[in-house]
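Pasting start.cif here (mmCIF, C-alpha atoms and all ligand atoms):
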data_structure
#
loop_
_atom_site.label_atom_id
_atom_site.label_comp_id
_atom_site.auth_asym_id
_atom_site.auth_seq_id
_atom_site.Cartn_x
_atom_site.Cartn_y
_atom_site.Cartn_z
CA MET G 1 18.44 -83.52 -33.63
CA GLY G 2 19.16 -81.48 -30.49
CA ILE G 3 20.82 -78.12 -30.87
CA ALA G 4 23.94 -79.34 -29.06
CA ASP G 5 24.35 -82.02 -31.71
CA ASP G 6 23.91 -79.72 -34.65
CA SER G 7 27.37 -79.33 -36.12
CA ALA G 8 26.28 -76.22 -38.03
CA VAL G 9 25.74 -74.55 -34.68
CA SER G 10 28.36 -76.03 -32.41
CA LEU G 11 31.13 -74.14 -34.18
CA ASN G 12 33.75 -72.65 -33.42
CA GLN G 13 35.96 -75.38 -34.80
CA ASN G 14 38.72 -73.01 -33.67
CA ARG G 15 40.54 -73.02 -36.96
CA PRO G 16 39.10 -70.91 -39.76
CA GLN G 17 38.27 -72.83 -42.92
CA HIS G 18 38.38 -69.68 -45.01
CA ILE G 19 40.47 -66.58 -44.36
CA ALA G 20 39.93 -63.42 -46.40
CA VAL G 21 42.44 -60.58 -46.26
CA VAL G 22 42.31 -56.88 -47.11
CA MET G 23 46.02 -56.42 -47.74
CA ASP G 24 46.22 -52.72 -46.88
CA GLY G 25 49.08 -50.39 -45.94
CA ASN G 26 51.68 -51.00 -48.66
CA GLY G 27 51.91 -47.29 -49.46
CA ARG G 28 52.33 -46.19 -45.85
CA TRP G 29 54.84 -48.97 -45.20
CA ALA G 30 56.97 -47.61 -48.06
CA GLN G 31 56.48 -43.98 -47.10
CA GLU G 32 57.69 -44.64 -43.55
CA ARG G 33 60.92 -46.00 -45.03
CA GLY G 34 61.44 -43.29 -47.63
CA LEU G 35 60.65 -45.77 -50.42
CA SER G 36 58.30 -45.45 -53.38
CA ARG G 37 54.74 -46.81 -53.21
CA GLY G 38 55.79 -49.30 -55.88
CA GLU G 39 58.38 -50.76 -53.53
CA GLY G 40 55.63 -51.09 -50.95
CA HIS G 41 53.55 -53.08 -53.43
CA GLN G 42 56.52 -55.33 -54.22
CA GLN G 43 56.96 -56.10 -50.55
CA GLY G 44 53.21 -56.61 -50.41
CA ALA G 45 53.59 -59.37 -53.00
CA VAL G 46 56.24 -61.01 -50.78
CA ALA G 47 53.79 -60.90 -47.86
CA ALA G 48 51.09 -62.43 -50.07
CA LYS G 49 53.34 -65.36 -50.89
CA ARG G 50 54.11 -65.70 -47.18
CA ILE G 51 50.46 -65.91 -46.07
CA VAL G 52 49.78 -68.50 -48.78
CA GLU G 53 52.54 -70.67 -47.36
CA LEU G 54 51.46 -70.07 -43.76
CA SER G 55 47.87 -71.01 -44.63
CA LEU G 56 49.02 -74.17 -46.38
CA ARG G 57 51.09 -75.18 -43.38
CA ALA G 58 48.23 -74.40 -40.98
CA GLY G 59 45.87 -76.59 -43.04
CA ILE G 60 43.52 -73.72 -43.93
CA PRO G 61 41.65 -74.88 -47.04
CA HIS G 62 40.52 -71.51 -48.47
CA LEU G 63 42.29 -68.16 -48.70
CA THR G 64 41.04 -65.03 -50.47
CA LEU G 65 43.33 -62.02 -50.95
CA PHE G 66 42.05 -58.56 -51.93
CA ALA G 67 44.67 -57.33 -54.38
CA PHE G 68 42.90 -54.56 -56.32
CA SER G 69 39.47 -53.07 -55.76
CA SER G 70 36.97 -51.72 -58.31
CA GLU G 71 37.79 -48.30 -56.86
CA ASN G 72 41.57 -48.67 -57.15
CA TRP G 73 41.34 -47.73 -60.88
CA GLN G 74 40.99 -44.19 -59.60
CA ARG G 75 44.60 -44.14 -58.40
CA PRO G 76 47.28 -42.34 -60.43
CA GLU G 77 47.80 -44.04 -63.78
CA ALA G 78 51.43 -44.88 -63.05
CA GLU G 79 50.50 -46.74 -59.84
CA VAL G 80 47.72 -48.68 -61.59
CA GLU G 81 50.14 -49.66 -64.37
CA LEU G 82 52.72 -50.76 -61.85
CA LEU G 83 50.18 -52.89 -59.98
CA MET G 84 48.99 -54.54 -63.21
CA ALA G 85 52.58 -55.24 -64.29
CA LEU G 86 53.35 -56.70 -60.87
CA PHE G 87 50.28 -58.90 -61.13
CA VAL G 88 51.43 -60.34 -64.48
CA GLN G 89 54.97 -60.81 -63.20
CA ARG G 90 53.95 -62.57 -59.96
CA LEU G 91 51.49 -64.89 -61.70
CA GLU G 92 54.16 -65.92 -64.23
CA ALA G 93 56.81 -66.40 -61.57
CA GLU G 94 54.62 -68.30 -59.10
CA LEU G 95 52.93 -70.70 -61.51
CA PRO G 96 55.42 -73.59 -61.07
CA SER G 97 55.33 -73.40 -57.29
CA LEU G 98 51.51 -73.16 -57.27
CA ILE G 99 51.36 -76.39 -59.28
CA GLU G 100 54.02 -78.02 -57.13
CA GLN G 101 52.21 -77.12 -53.90
CA GLN G 102 48.81 -78.24 -55.26
CA ILE G 103 47.32 -74.76 -54.94
CA ARG G 104 44.28 -73.97 -57.03
CA LEU G 105 44.29 -70.28 -57.97
CA ARG G 106 41.28 -68.35 -59.22
CA VAL G 107 41.07 -64.64 -59.95
CA VAL G 108 37.71 -63.22 -58.90
CA GLY G 109 36.52 -59.87 -60.20
CA ASN G 110 35.60 -58.03 -63.35
CA ARG G 111 38.21 -58.73 -66.00
CA ALA G 112 36.81 -56.37 -68.64
CA ASN G 113 39.46 -53.70 -68.08
CA PHE G 114 42.50 -55.98 -67.85
CA SER G 115 45.10 -56.10 -70.63
CA ASN G 116 45.12 -59.09 -72.98
CA GLU G 117 48.46 -60.07 -71.50
CA LEU G 118 47.01 -60.18 -67.98
CA ILE G 119 43.90 -62.07 -69.09
CA ALA G 120 46.08 -64.63 -70.88
CA ILE G 121 48.25 -65.34 -67.84
CA ILE G 122 45.20 -65.51 -65.55
CA ASN G 123 43.58 -68.07 -67.87
CA ARG G 124 46.80 -70.07 -68.01
CA VAL G 125 47.31 -70.10 -64.24
CA GLU G 126 43.66 -71.02 -63.60
CA THR G 127 43.78 -73.86 -66.10
CA GLU G 128 47.11 -75.26 -64.98
CA THR G 129 46.26 -75.13 -61.27
CA ALA G 130 42.65 -76.30 -61.62
CA HIS G 131 43.34 -79.69 -60.02
CA GLY G 132 45.12 -78.34 -56.95
CA ASP G 133 43.47 -79.62 -53.80
CA ALA G 134 45.74 -78.48 -50.96
CA LEU G 135 44.48 -74.88 -50.89
CA SER G 136 41.97 -72.87 -52.90
CA LEU G 137 43.44 -69.42 -53.38
CA GLN G 138 41.20 -66.64 -54.64
CA ILE G 139 42.82 -63.39 -55.75
CA ALA G 140 40.23 -60.61 -55.78
CA ALA G 141 41.26 -58.19 -58.52
CA ASP G 142 39.09 -55.47 -59.96
CA TYR G 143 36.73 -56.84 -57.36
CA GLY G 144 34.00 -54.99 -55.50
CA GLY G 145 31.27 -56.46 -53.31
CA ARG G 146 28.68 -54.35 -55.12
CA TRP G 147 29.99 -55.46 -58.51
CA ASP G 148 29.71 -59.07 -57.30
CA ILE G 149 26.10 -58.74 -56.14
CA THR G 150 25.18 -56.86 -59.33
CA GLN G 151 26.75 -59.44 -61.64
CA ALA G 152 24.98 -62.23 -59.74
CA ALA G 153 21.64 -60.42 -60.15
CA ARG G 154 22.32 -59.94 -63.87
CA LEU G 155 23.23 -63.61 -64.29
CA MET G 156 20.00 -64.75 -62.62
CA ALA G 157 17.94 -62.21 -64.58
CA ARG G 158 19.33 -63.71 -67.80
CA GLN G 159 18.42 -67.21 -66.61
CA VAL G 160 14.89 -66.03 -65.79
CA ALA G 161 14.56 -64.35 -69.19
CA ALA G 162 15.71 -67.58 -70.85
CA GLY G 163 13.13 -69.59 -68.89
CA GLU G 164 15.86 -71.53 -67.06
CA LEU G 165 15.02 -70.16 -63.63
CA GLN G 166 11.75 -69.16 -61.98
CA PRO G 167 11.82 -65.96 -59.87
CA GLU G 168 10.35 -67.99 -56.97
CA GLN G 169 13.37 -70.29 -57.06
CA ILE G 170 15.74 -67.45 -56.17
CA ASP G 171 16.65 -67.95 -52.53
CA GLU G 172 19.84 -67.25 -50.60
CA ALA G 173 21.51 -70.46 -51.75
CA VAL G 174 20.75 -69.79 -55.42
CA PHE G 175 21.93 -66.19 -55.06
CA GLN G 176 25.12 -67.30 -53.34
CA SER G 177 25.87 -69.76 -56.11
CA ALA G 178 25.84 -66.89 -58.63
CA LEU G 179 28.46 -64.91 -56.69
CA ALA G 180 32.06 -64.83 -57.86
CA LEU G 181 33.54 -66.84 -54.98
CA SER G 182 31.12 -69.77 -55.29
CA PRO G 183 31.47 -72.62 -54.33
CA VAL G 184 33.99 -71.49 -51.70
CA PRO G 185 32.26 -71.15 -48.30
CA ASP G 186 31.94 -67.75 -46.62
CA PRO G 187 35.06 -66.46 -44.86
CA ASP G 188 35.23 -67.35 -41.17
CA LEU G 189 37.90 -64.77 -40.53
CA LEU G 190 38.40 -61.45 -42.32
CA ILE G 191 41.75 -59.81 -41.63
CA ARG G 192 42.44 -56.17 -42.53
CA THR G 193 45.93 -54.78 -42.06
CA GLY G 194 46.96 -51.13 -42.21
CA GLY G 195 44.85 -49.78 -39.34
CA GLU G 196 41.60 -48.89 -41.13
CA CYS G 197 38.43 -50.43 -39.73
CA ARG G 198 36.33 -50.67 -42.87
CA ILE G 199 35.36 -53.21 -45.51
CA SER G 200 36.15 -51.01 -48.55
CA ASN G 201 33.63 -52.85 -50.74
CA PHE G 202 35.21 -56.28 -50.22
CA LEU G 203 33.02 -59.37 -49.72
CA LEU G 204 29.77 -57.62 -48.75
CA TRP G 205 27.47 -60.64 -49.00
CA GLN G 206 29.98 -63.25 -47.88
CA CYS G 207 31.12 -61.44 -44.71
CA ALA G 208 27.64 -61.41 -43.11
CA TYR G 209 28.94 -63.57 -40.23
CA SER G 210 32.71 -63.37 -40.59
CA GLU G 211 34.82 -62.52 -37.58
CA LEU G 212 36.48 -59.17 -38.34
CA TYR G 213 40.11 -58.72 -37.30
CA PHE G 214 41.75 -55.33 -37.71
CA THR G 215 45.44 -54.75 -37.08
CA ASP G 216 47.63 -51.64 -37.37
CA ILE G 217 50.43 -53.70 -38.91
CA CYS G 218 51.03 -52.66 -42.51
CA TRP G 219 50.62 -55.51 -44.99
CA PRO G 220 54.34 -55.98 -45.90
CA ASP G 221 55.06 -56.55 -42.19
CA PHE G 222 52.34 -59.18 -41.73
CA ASP G 223 54.55 -62.12 -40.78
CA GLU G 224 54.17 -65.51 -39.14
CA GLN G 225 53.74 -64.03 -35.67
CA ALA G 226 51.03 -61.67 -36.89
CA PHE G 227 49.31 -64.56 -38.70
CA ASN G 228 49.41 -66.73 -35.57
CA GLU G 229 48.01 -63.86 -33.49
CA SER G 230 45.07 -63.49 -35.84
CA ILE G 231 44.39 -67.24 -35.75
CA GLY G 232 44.68 -67.22 -31.95
CA TRP G 233 42.23 -64.31 -31.73
CA TYR G 234 39.80 -66.18 -33.97
CA ALA G 235 40.00 -69.30 -31.80
CA GLN G 236 38.73 -67.25 -28.84
CA ARG G 237 35.62 -65.97 -30.60
CA SER G 238 32.23 -67.30 -29.70
CA ARG G 239 30.27 -67.64 -32.93
CA ARG G 240 26.58 -67.57 -32.14
CA PHE G 241 24.93 -66.88 -35.52
CA GLY G 242 22.02 -65.21 -33.77
CA ARG G 243 21.59 -67.81 -31.07
CA THR G 244 22.31 -67.45 -27.37
CA GLN G 245 25.54 -68.52 -25.73
CA GLU G 246 23.68 -71.26 -23.83
CA GLN G 247 22.55 -72.82 -27.09
CA ILE G 248 26.14 -72.96 -28.25
CA THR G 249 27.64 -74.37 -25.06
CA PRO G 250 24.77 -75.96 -23.11
CA ARG G 251 25.36 -76.39 -19.39
CA GLN G 252 26.21 -79.96 -18.42
CA ALA G 253 23.21 -81.77 -16.89
CA GLY G 254 23.47 -82.88 -13.24
C1 LIG J 1 47.04 -51.86 -50.41
O1 LIG J 1 47.95 -50.91 -49.97
C2 LIG J 1 47.30 -52.31 -51.82
C3 LIG J 1 46.27 -51.89 -52.78
C4 LIG J 1 45.18 -51.24 -52.51
C5 LIG J 1 46.53 -52.23 -54.18
P1 LIG J 1 47.71 -49.37 -50.27
O2 LIG J 1 48.37 -49.03 -51.56
O3 LIG J 1 46.29 -49.00 -50.17
O4 LIG J 1 48.53 -48.72 -49.07
P2 LIG J 1 48.13 -47.43 -48.24
O5 LIG J 1 46.77 -47.64 -47.70
O6 LIG J 1 48.19 -46.28 -49.20
O7 LIG J 1 49.17 -47.35 -47.17
C1 LIG J 2 41.37 -51.81 -50.05
O1 LIG J 2 42.39 -50.90 -49.77
C2 LIG J 2 41.66 -52.54 -51.32
C3 LIG J 2 42.79 -53.46 -51.29
C4 LIG J 2 43.52 -53.75 -50.27
C5 LIG J 2 43.07 -54.11 -52.54
P1 LIG J 2 42.26 -49.35 -50.15
O2 LIG J 2 43.50 -48.70 -49.70
O3 LIG J 2 41.89 -49.19 -51.57
O4 LIG J 2 41.01 -48.91 -49.26
P2 LIG J 2 40.50 -47.45 -48.84
O5 LIG J 2 40.46 -46.62 -50.08
O6 LIG J 2 41.49 -46.91 -47.86
O7 LIG J 2 39.18 -47.69 -48.20
MG MG J 3 45.11 -48.37 -48.64
#
If you convert what's in this file into structure tokens, what do you get?
Amino acid sequence: MGIADDSAVSLNQNRPQHIAVVMDGNGRWAQERGLSRGEGHQQGAVAAKRIVELSLRAGIPHLTLFAFSSENWQRPEAEVELLMALFVQRLEAELPSLIEQQIRLRVVGNRANFSNELIAIINRVETETAHGDALSLQIAADYGGRWDITQAARLMARQVAAGELQPEQIDEAVFQSALALSPVPDPDLLIRTGGECRISNFLLWQCAYSELYFTDICWPDFDEQAFNESIGWYAQRSRRFGRTQEQITPRQAG
């Protein structure tokens, strides 16, 4: 098959199949308005619901939202408690509409430090939305890219120790399948709001070839126009995956 025919190469299909978002800037958004950080997080939850609906409408099949990082436990106790309580409250409140809209929700991350109440609602939402096929929504909570890679290595080490996997069988595909997001494909577009240009330990493995979009807009202000701008920016990218531009768009013969 010629390179021009290879669909794995002739991307950009213009529309991202998977968008991942570092929802940053809730605190600064609140501070600028003389509000508490908690109010910023509440508005952040409104913006999260909005991007889910925008993605559904745009026909984006996969969306991953970074809600709480492994490092966010280091925040003041009161803020951590507020975020955990908000998480429980939003999951409970949104469950009927997730089912109604055929959204499959999964929480990806280390659950060991969550309360029993939070674990119970996560399990319930995951079970009751498991058949949703309009959008796969991953909420990254107590998630870190290094945690993810480490837990995948541990999982495979256990399989090797049990004789279920040979070390020689471990290739990129096997490794990927042990990561928390599997079987969701890698993000095409990574959006970070709030003005910082860093990954903050988000999807370290999965973002190897993602298009990175940074905007100064704080997360609670990320609206339909901002969403459309990010999608429009993505559509202009030339994704080469190591190849040359000519291989991606060969000159017409003659
Ligand atoms: C992102 O907003 C939400 C979480 C990390 C939970 P921040 O709370 O980090 O907001 P800023 O960066 O302080 O403005
Ligand atoms: C990244 O934001 C984590 C989430 C958005 C959940 P942070 O606000 O924690 O990132 P840093 O600390 O500024 O890098
Ligand atoms: Mg921040």
* Residues within 8 Å of ligand LIG 1 (chain J), counting all atoms listed in the file: report them as a ChimeraX atom specification. => /G:22-30,37,40-41,44,66-69,72,83,194,218-219
* Nearest candidate to Gln236 of chain G (options G:Ala120, G:Ala78, G:Leu189, G:Ala47; using all atoms listed in the file) -> G:Leu189
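Of the listed residues (G:Gln101, G:Gln247, G:Ser36, G:Gln225), G:Gln101 comes nearest to Ala134 of chain G; the distances count all atoms listed in the file.
The space between atom CA of Gln176 of chain G and atom CA of Ala130 of chain G spans 21.4 Å.
With all atoms listed in the file as the atoms that count, the minimum distance from Glu94 of chain G to the choices G:Asp133, G:Asp221, G:Glu128, G:Glu39 is reached by G:Glu128.
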* Can you tell me, as a ChimeraX atom specification, what residues are no more than 12 Å from Ser55 of chain G when counting all atoms listed in the file, ignoring any on the same chain fewer than 2 positions away? -> /G:15-21,48-53,57-65,101,103,134-137,223-224,227-228,230-231
Export of the given selection (C-alpha atoms) as a PDB file, in the coordinates of the input:
ATOM      1  CA  ARG G  15      40.540 -73.020 -36.960  1.00  0.00           C
ATOM      2  CA  PRO G  16      39.100 -70.910 -39.760  1.00  0.00           C
ATOM      3  CA  GLN G  17      38.270 -72.830 -42.920  1.00  0.00           C
ATOM      4  CA  HIS G  18      38.380 -69.680 -45.010  1.00  0.00           C
ATOM      5  CA  ILE G  19      40.470 -66.580 -44.360  1.00  0.00           C
ATOM      6  CA  ALA G  20      39.930 -63.420 -46.400  1.00  0.00           C
ATOM      7  CA  VAL G  21      42.440 -60.580 -46.260  1.00  0.00           C
ATOM      8  CA  ALA G  48      51.090 -62.430 -50.070  1.00  0.00           C
ATOM      9  CA  LYS G  49      53.340 -65.360 -50.890  1.00  0.00           C
ATOM     10  CA  ARG G  50      54.110 -65.700 -47.180  1.00  0.00           C
ATOM     11  CA  ILE G  51      50.460 -65.910 -46.070  1.00  0.00           C
ATOM     12  CA  VAL G  52      49.780 -68.500 -48.780  1.00  0.00           C
ATOM     13  CA  GLU G  53      52.540 -70.670 -47.360  1.00  0.00           C
ATOM     14  CA  ARG G  57      51.090 -75.180 -43.380  1.00  0.00           C
ATOM     15  CA  ALA G  58      48.230 -74.400 -40.980  1.00  0.00           C
ATOM     16  CA  GLY G  59      45.870 -76.590 -43.040  1.00  0.00           C
ATOM     17  CA  ILE G  60      43.520 -73.720 -43.930  1.00  0.00           C
ATOM     18  CA  PRO G  61      41.650 -74.880 -47.040  1.00  0.00           C
ATOM     19  CA  HIS G  62      40.520 -71.510 -48.470  1.00  0.00           C
ATOM     20  CA  LEU G  63      42.290 -68.160 -48.700  1.00  0.00           C
ATOM     21  CA  THR G  64      41.040 -65.030 -50.470  1.00  0.00           C
ATOM     22  CA  LEU G  65      43.330 -62.020 -50.950  1.00  0.00           C
ATOM     23  CA  GLN G 101      52.210 -77.120 -53.900  1.00  0.00           C
ATOM     24  CA  ILE G 103      47.320 -74.760 -54.940  1.00  0.00           C
ATOM     25  CA  ALA G 134      45.740 -78.480 -50.960  1.00  0.00           C
ATOM     26  CA  LEU G 135      44.480 -74.880 -50.890  1.00  0.00           C
ATOM     27  CA  SER G 136      41.970 -72.870 -52.900  1.00  0.00           C
ATOM     28  CA  LEU G 137      43.440 -69.420 -53.380  1.00  0.00           C
ATOM     29  CA  ASP G 223      54.550 -62.120 -40.780  1.00  0.00           C
ATOM     30  CA  GLU G 224      54.170 -65.510 -39.140  1.00  0.00           C
ATOM     31  CA  PHE G 227      49.310 -64.560 -38.700  1.00  0.00           C
ATOM     32  CA  ASN G 228      49.410 -66.730 -35.570  1.00  0.00           C
ATOM     33  CA  SER G 230      45.070 -63.490 -35.840  1.00  0.00           C
ATOM     34  CA  ILE G 231      44.390 -67.240 -35.750  1.00  0.00           C
TER      35      ILE G 231
END
* To do: Measuring atom to atom with only C-alpha atoms, identify which of G:Ala180, G:Ala141, G:Ala161, G:Leu204 is nearest to Trp73 of chain G.
  => G:Ala141
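The interatomic distance for the pair atom CA of Ile139 of chain G and atom CA of Arg240 of chain G works out to 29.0 Å.
Between atom CA of Ser115 of chain G and atom CA of Asp148 of chain G the interatomic distance comes to 20.6 Å.
In this comparison, which uses only C-alpha atoms, the residue of G:Glu164, G:Asp142, G:Asp216, G:Glu77 approaching Thr193 of chain G most closely is G:Asp216.
For the residues G:Glu196, G:Asp186, G:Glu79, G:Glu172, ranking by smallest atom-to-atom distance to ligand MG 3 (chain J) using all atoms listed in the file places G:Glu196 first.
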Could you add all heavy atoms to segment 238-248 of chain G and give me the result as a CSV table (one decimal), keeping the file's coordinate frame?
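Generated file (selection34.csv):
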chain,number,residue,atom,x,y,z
G,238,SER,N,33.4,-66.5,-29.9
G,238,SER,CA,32.2,-67.3,-29.7
G,238,SER,C,31.3,-67.0,-30.8
G,238,SER,O,30.7,-65.9,-30.9
G,238,SER,CB,31.6,-67.0,-28.4
G,238,SER,OG,30.3,-67.6,-28.3
G,239,ARG,N,31.1,-67.9,-31.8
G,239,ARG,CA,30.3,-67.6,-32.9
G,239,ARG,C,28.9,-68.1,-32.6
G,239,ARG,O,28.6,-69.3,-32.5
G,239,ARG,CB,30.9,-68.3,-34.2
G,239,ARG,CG,32.3,-67.9,-34.4
G,239,ARG,CD,32.8,-68.4,-35.7
G,239,ARG,NE,32.3,-67.5,-36.8
G,239,ARG,CZ,32.5,-67.9,-38.1
G,239,ARG,NH1,33.0,-69.0,-38.4
G,239,ARG,NH2,32.0,-67.1,-39.0
G,240,ARG,N,27.9,-67.2,-32.6
G,240,ARG,CA,26.6,-67.6,-32.1
G,240,ARG,C,25.6,-67.6,-33.3
G,240,ARG,O,24.5,-68.2,-33.2
G,240,ARG,CB,26.1,-66.6,-31.0
G,240,ARG,CG,26.9,-66.8,-29.7
G,240,ARG,CD,26.4,-66.0,-28.6
G,240,ARG,NE,26.7,-64.5,-28.7
G,240,ARG,CZ,27.9,-64.0,-28.4
G,240,ARG,NH1,28.8,-64.8,-27.8
G,240,ARG,NH2,28.1,-62.7,-28.5
G,241,PHE,N,25.8,-66.9,-34.4
G,241,PHE,CA,24.9,-66.9,-35.5
G,241,PHE,C,23.5,-66.6,-35.1
G,241,PHE,O,22.6,-67.2,-35.6
G,241,PHE,CB,25.0,-68.2,-36.3
G,241,PHE,CG,26.4,-68.5,-36.9
G,241,PHE,CD1,27.3,-69.3,-36.2
G,241,PHE,CD2,26.8,-67.9,-38.1
G,241,PHE,CE1,28.5,-69.5,-36.7
G,241,PHE,CE2,28.1,-68.1,-38.6
G,241,PHE,CZ,28.9,-68.9,-37.9
G,242,GLY,N,23.4,-65.6,-34.2
G,242,GLY,CA,22.0,-65.2,-33.8
G,242,GLY,C,21.5,-65.9,-32.6
G,242,GLY,O,20.5,-65.5,-32.0
G,243,ARG,N,22.1,-67.0,-32.2
G,243,ARG,CA,21.6,-67.8,-31.1
G,243,ARG,C,22.2,-67.3,-29.8
G,243,ARG,O,22.9,-66.3,-29.8
G,243,ARG,CB,21.9,-69.3,-31.2
G,243,ARG,CG,21.3,-69.9,-32.5
G,243,ARG,CD,21.7,-71.3,-32.8
G,243,ARG,NE,21.2,-71.7,-34.0
G,243,ARG,CZ,20.3,-72.7,-34.2
G,243,ARG,NH1,19.8,-73.3,-33.2
G,243,ARG,NH2,19.9,-73.0,-35.4
G,244,THR,N,21.8,-67.9,-28.7
G,244,THR,CA,22.3,-67.4,-27.4
G,244,THR,C,23.5,-68.3,-27.0
G,244,THR,O,23.7,-69.4,-27.6
G,244,THR,CB,21.3,-67.6,-26.2
G,244,THR,OG1,21.1,-69.0,-26.0
G,244,THR,CG2,20.0,-67.0,-26.6
G,245,GLN,N,24.3,-67.8,-26.1
G,245,GLN,CA,25.5,-68.5,-25.7
G,245,GLN,C,25.2,-69.9,-25.2
G,245,GLN,O,25.9,-70.9,-25.4
G,245,GLN,CB,26.3,-67.7,-24.7
G,245,GLN,CG,27.7,-68.3,-24.3
G,245,GLN,CD,28.6,-68.4,-25.6
G,245,GLN,OE1,28.7,-67.5,-26.3
G,245,GLN,NE2,29.2,-69.6,-25.8
G,246,GLU,N,24.1,-70.0,-24.4
G,246,GLU,CA,23.7,-71.3,-23.8
G,246,GLU,C,23.3,-72.3,-24.9
G,246,GLU,O,23.6,-73.5,-24.7
G,246,GLU,CB,22.5,-71.1,-22.9
G,246,GLU,CG,22.9,-70.4,-21.6
G,246,GLU,CD,22.2,-71.1,-20.4
G,246,GLU,OE1,21.0,-71.4,-20.6
G,246,GLU,OE2,22.9,-71.4,-19.4
G,247,GLN,N,22.8,-71.9,-26.0
G,247,GLN,CA,22.6,-72.8,-27.1
G,247,GLN,C,23.8,-73.4,-27.7
G,247,GLN,O,23.9,-74.5,-28.2
G,247,GLN,CB,21.7,-72.2,-28.2
G,247,GLN,CG,20.3,-71.9,-27.8
G,247,GLN,CD,19.6,-71.1,-28.9
G,247,GLN,OE1,19.9,-69.9,-29.2
G,247,GLN,NE2,18.6,-71.7,-29.5
G,248,ILE,N,24.9,-72.6,-27.6
G,248,ILE,CA,26.1,-73.0,-28.2
G,248,ILE,C,26.9,-73.9,-27.3
G,248,ILE,O,27.5,-74.9,-27.7
G,248,ILE,CB,27.0,-71.7,-28.6
G,248,ILE,CG1,26.2,-70.7,-29.4
G,248,ILE,CG2,28.3,-72.1,-29.3
G,248,ILE,CD1,25.7,-71.1,-30.7
